[in-house]
>>> print(open('protein37.txt').read())   # compact mmCIF, C-alpha atoms
# COMPACT_ATOMS: atom_id res chain seq x y z
CA MET A 1 0.00 0.00 0.00
CA ALA A 2 1.18 3.54 -0.68
CA LEU A 3 0.30 6.87 0.84
CA PRO A 4 -2.90 8.38 -0.56
CA THR A 5 -3.04 10.50 -3.70
CA TYR A 6 -5.59 13.04 -4.86
CA VAL A 7 -7.34 10.16 -6.69
CA ASP A 8 -7.90 8.39 -3.36
CA LEU A 9 -9.25 11.61 -1.85
CA LYS A 10 -11.47 12.15 -4.90
CA THR A 11 -12.89 8.63 -4.54
CA TYR A 12 -13.42 9.12 -0.80
CA LEU A 13 -15.27 12.38 -1.38
CA ARG A 14 -17.25 10.86 -4.31
CA ILE A 15 -16.19 13.59 -6.72
CA GLU A 16 -16.71 12.53 -10.33
CA THR A 17 -15.44 15.55 -12.26
CA THR A 18 -11.89 16.73 -12.91
CA GLU A 19 -12.58 20.38 -12.04
CA GLU A 20 -11.14 20.11 -8.52
CA ASP A 21 -8.18 17.82 -9.19
CA ALA A 22 -5.63 20.58 -8.59
CA LEU A 23 -7.30 21.55 -5.31
CA LEU A 24 -7.46 17.92 -4.15
CA THR A 25 -3.74 17.52 -4.95
CA VAL A 26 -2.97 20.59 -2.83
CA LEU A 27 -5.13 19.28 0.02
CA ILE A 28 -3.44 15.85 0.07
CA THR A 29 -0.04 17.55 0.08
CA ARG A 30 -1.15 19.95 2.81
CA ALA A 31 -2.61 17.17 4.98
CA THR A 32 0.57 15.10 4.65
CA ALA A 33 2.71 18.12 5.56
CA MET A 34 0.51 18.89 8.56
CA LEU A 35 0.80 15.32 9.80
CA GLU A 36 4.59 15.30 9.32
CA THR A 37 4.82 18.60 11.21
CA TRP A 38 2.79 17.19 14.09
CA ILE A 39 4.97 14.07 14.41
CA ASP A 40 8.17 16.00 13.57
CA VAL A 41 9.49 13.34 11.19
CA PRO A 42 8.91 12.56 7.51
CA ILE A 43 6.56 9.69 6.78
CA VAL A 44 8.61 8.35 3.87
CA ALA A 45 12.31 8.30 4.80
CA ARG A 46 14.51 10.88 3.15
CA SER A 47 18.06 12.05 3.57
CA ARG A 48 18.78 14.84 6.01
CA THR A 49 22.02 16.43 7.19
CA VAL A 50 22.42 17.96 10.65
CA PHE A 51 25.31 19.17 12.78
CA ASP A 52 26.13 18.11 16.31
CA TRP A 53 28.22 20.89 17.83
CA VAL A 54 30.63 18.99 20.07
CA ASP A 55 32.55 21.90 21.60
CA GLY A 56 36.05 20.40 21.28
CA GLN A 57 36.80 21.19 24.95
CA ALA A 58 35.34 17.96 26.28
CA ALA A 59 35.10 14.64 24.52
CA ALA A 60 31.56 13.40 23.84
CA ARG A 61 30.75 9.71 23.87
CA SER A 62 27.71 10.16 21.61
CA LEU A 63 26.10 12.27 18.91
CA ILE A 64 22.36 12.82 18.60
CA PHE A 65 20.31 12.97 15.40
CA PRO A 66 17.16 15.05 16.07
CA SER A 67 14.71 12.94 13.99
CA ARG A 68 14.13 9.25 14.27
CA PRO A 69 14.11 6.49 13.31
CA ILE A 70 17.30 6.74 11.26
CA GLY A 71 19.35 4.57 8.93
CA SER A 72 22.27 4.76 6.48
CA VAL A 73 24.28 7.08 8.70
CA THR A 74 27.53 8.84 7.76
CA VAL A 75 29.50 11.05 10.14
CA VAL A 76 32.08 13.63 9.09
CA ASP A 77 34.20 15.43 11.71
CA GLY A 78 35.03 19.12 11.88
CA ALA A 79 38.17 18.61 9.77
CA GLY A 80 36.09 17.10 6.97
CA THR A 81 37.25 13.54 7.63
CA LEU A 82 34.77 10.69 7.34
CA VAL A 83 34.50 8.90 10.69
CA PRO A 84 34.70 5.15 10.01
CA ALA A 85 31.43 3.38 10.78
CA THR A 86 33.47 0.90 12.83
CA ASP A 87 34.15 3.71 15.36
CA TYR A 88 30.51 4.19 16.36
CA LEU A 89 27.32 2.25 16.92
CA VAL A 90 24.01 3.65 15.66
CA ASP A 91 20.87 3.18 17.71
CA GLU A 92 18.42 3.61 14.82
CA THR A 93 15.40 3.89 17.09
CA SER A 94 16.73 6.68 19.34
CA GLY A 95 18.90 8.45 16.75
CA ILE A 96 22.00 8.27 18.95
CA MET A 97 25.47 7.36 17.68
CA TYR A 98 27.68 5.92 20.44
CA GLY A 99 31.47 5.82 20.24
CA LYS A 100 32.75 2.21 20.20
CA ASN A 101 35.88 0.82 21.84
CA GLY A 102 36.77 4.05 23.61
CA TYR A 103 36.17 6.30 20.58
CA THR A 104 35.07 9.79 21.56
CA PHE A 105 33.81 12.66 19.46
CA VAL A 106 36.19 15.62 19.99
CA ASP A 107 36.73 17.26 16.59
CA GLY A 108 33.39 18.98 15.98
CA PRO A 109 31.18 20.17 14.64
CA TYR A 110 30.14 16.78 13.33
CA GLN A 111 28.12 16.62 10.15
CA VAL A 112 25.72 13.70 10.37
CA THR A 113 23.81 12.58 7.29
CA ALA A 114 21.14 9.93 7.66
CA PHE A 115 17.88 8.76 6.20
CA CYS A 116 15.07 9.42 8.64
CA GLY A 117 11.37 8.71 8.52
CA LEU A 118 8.57 6.47 9.73
CA SER A 119 9.05 4.14 6.76
CA LEU A 120 12.26 2.90 8.46
CA ARG A 121 10.31 1.48 11.38
CA SER A 122 10.07 -2.29 11.49
CA ASP A 123 6.29 -2.01 11.99
CA TYR A 124 5.75 0.51 9.18
CA ALA A 125 3.66 -1.92 7.09
CA MET A 126 1.17 -1.98 9.95
CA LEU A 127 1.29 1.82 10.42
CA GLU A 128 0.96 2.85 6.78
CA PRO A 129 -2.77 2.10 6.35
CA LEU A 130 -3.50 4.00 9.56
CA ILE A 131 -1.33 6.96 8.51
CA SER A 132 -2.99 6.95 5.07
CA GLY A 133 -6.41 7.04 6.72
CA MET A 134 -5.38 10.02 8.83
CA ILE A 135 -4.17 11.89 5.73
CA ILE A 136 -7.45 11.21 3.89
CA ASP A 137 -9.46 12.20 6.98
CA LEU A 138 -7.55 15.45 7.36
CA ALA A 139 -7.64 16.29 3.62
CA ALA A 140 -11.39 15.57 3.47
CA ASP A 141 -11.94 17.83 6.47
CA LEU A 142 -9.94 20.62 4.80
CA TYR A 143 -12.00 20.14 1.62
CA GLN A 144 -15.30 20.26 3.46
CA ARG A 145 -14.27 23.37 5.42
CA ARG A 146 -13.22 25.38 2.38
CA THR A 147 -14.92 28.70 1.87
CA PRO A 148 -18.54 28.14 0.85
CA GLY A 149 -19.12 28.91 -2.80
CA ALA A 150 -15.46 28.55 -3.77
CA SER A 151 -15.24 26.29 -6.79
CA SER A 152 -11.48 26.10 -6.72
CA GLU A 153 -8.53 27.43 -4.76
CA THR A 154 -8.07 30.28 -7.22
CA GLY A 155 -11.73 31.09 -7.79
CA ALA A 156 -12.35 34.82 -8.30
CA GLY A 157 -12.70 36.57 -4.96
CA THR A 158 -12.72 33.33 -2.99
CA SER A 159 -10.24 31.71 -0.68
CA ILE A 160 -9.77 28.41 1.06
CA SER A 161 -9.67 28.15 4.83
CA TRP A 162 -6.68 25.97 5.73
CA ASP A 163 -7.85 25.27 9.26
CA ALA A 164 -8.94 21.77 10.12
CA SER A 165 -11.78 21.20 12.54
CA ARG A 166 -10.90 20.70 16.18
CA GLU A 167 -12.72 17.37 16.15
CA THR A 168 -10.63 16.02 13.26
CA VAL A 169 -7.36 17.24 14.77
CA ALA A 170 -8.28 15.76 18.17
CA ARG A 171 -9.18 12.42 16.56
CA ILE A 172 -5.87 12.33 14.65
CA MET A 173 -3.81 13.32 17.71
CA LYS A 174 -5.50 10.60 19.74
CA SER A 175 -4.70 8.06 17.02
CA LEU A 176 -1.07 9.20 16.84
CA ARG A 177 -0.65 8.81 20.58
CA ALA A 178 -2.32 5.40 20.49
CA LEU A 179 0.23 4.39 17.85
CA ARG A 180 2.93 5.69 20.18
CA LEU A 181 4.03 8.32 17.69
CA ALA A 182 5.39 11.37 19.46
CA VAL A 183 3.42 14.52 18.74
CA ALA A 184 5.36 17.80 18.59
CA LEU A 185 3.17 20.61 19.79
>>> encode(input="protein37.txt", output="structure tokens")
Amino acid sequence: MALPTYVDLKTYLRIETTEEDALLTVLITRATAMLETWIDVPIVARSRTVFDWVDGQAAARSLIFPSRPIGSVTVVDGAGTLVPATDYLVDETSGIMYGKNGYTFVDGPYQVTAFCGLSLRSDYAMLEPLISGMIIDLAADLYQRRTPGASSETGAGTSISWDASRETVARIMKSLRALRLAVAL
């Protein structure tokens, strides 16, 4: 199964014309972005580079990647030298890289590049249908709450309200917590 597209939203809303396809595409994108903002991690894993500013005065035994889960990690020290993967252990669930065999991180800032996203979780196949349902629910709510009389996002003199209903947001937040997905508020 894949994340929902505007076609899935169109089917869910029982829209048979093509007049609102562009709007539905925007709403699916918006709903996905809102959900990713709430959980503070991409749904589909993508590469991200961050810096851990080890101060150089004191040796650090670990580096922290701010999003998780993570995978395919590379670490480059402040001198631009690739730190061998044999010098650290990656806890993919917590996003922490621990020095191995007495290795300490002293030559910062460290540039850490990793893939991060929910799709790296071992239980993602179970989560994906639930996440997809939340995206459709949120996008449908945004569609239904658009400005009355607006036929499209760019209709003359009309605008779309981008606020979701409190009930929908509360329902999604409750589901995220039940799935044990951290919610960044």
>>> atom_distance(input="protein37.txt", atom1="CA of Glu19 (chain A)", atom2="CA of Leu3 (chain A)")
22.7 Å
>>> residues_around(input="protein37.txt", residues="region 12-18 of chain A", least_positions_apart="6", cutoff="9 Å", atoms="all atoms listed in the file", output="PyMOL selection string")
chain A and resi 136+140+143
>>> atom_distance(input="protein37.txt", atom1="CA of Leu9 (chain A)", atom2="CA of Tyr124 (chain A)")
21.7 Å
>>> atom_distance(input="protein37.txt", atom1="CA of Gln111 (chain A)", atom2="CA of Arg68 (chain A)")
16.3 Å
>>> closest_residue(input="protein37.txt", among="A:Leu179, A:Met126, A:Leu142, A:Val112", to="Ser165 (chain A)", atoms="only C-alpha atoms")
A:Leu142
>>> closest_residue(input="protein37.txt", among="A:Leu130, A:Ala33, A:Cys116, A:Ala59", to="Ala178 (chain A)", atoms="all atoms listed in the file")
A:Leu130
>>> closest_residue(input="protein37.txt", among="A:Ala31, A:Lys100, A:Asp107, A:Tyr88", to="Ala58 (chain A)", atoms="all atoms listed in the file")
A:Asp107
>>> closest_residue(input="protein37.txt", among="A:Val76, A:Ile96, A:Pro66, A:Ala139", to="Lys10 (chain A)", atoms="only C-alpha atoms")
A:Ala139
>>> closest_residue(input="protein37.txt", among="A:Arg145, A:Asp123, A:Asp137, A:Ala22", to="Ala170 (chain A)", atoms="all atoms listed in the file")
A:Asp137
>>> closest_residue(input="protein37.txt", among="A:Leu118, A:Ala45, A:Val7, A:Ala85", to="Leu24 (chain A)", atoms="all atoms listed in the file")
A:Val7
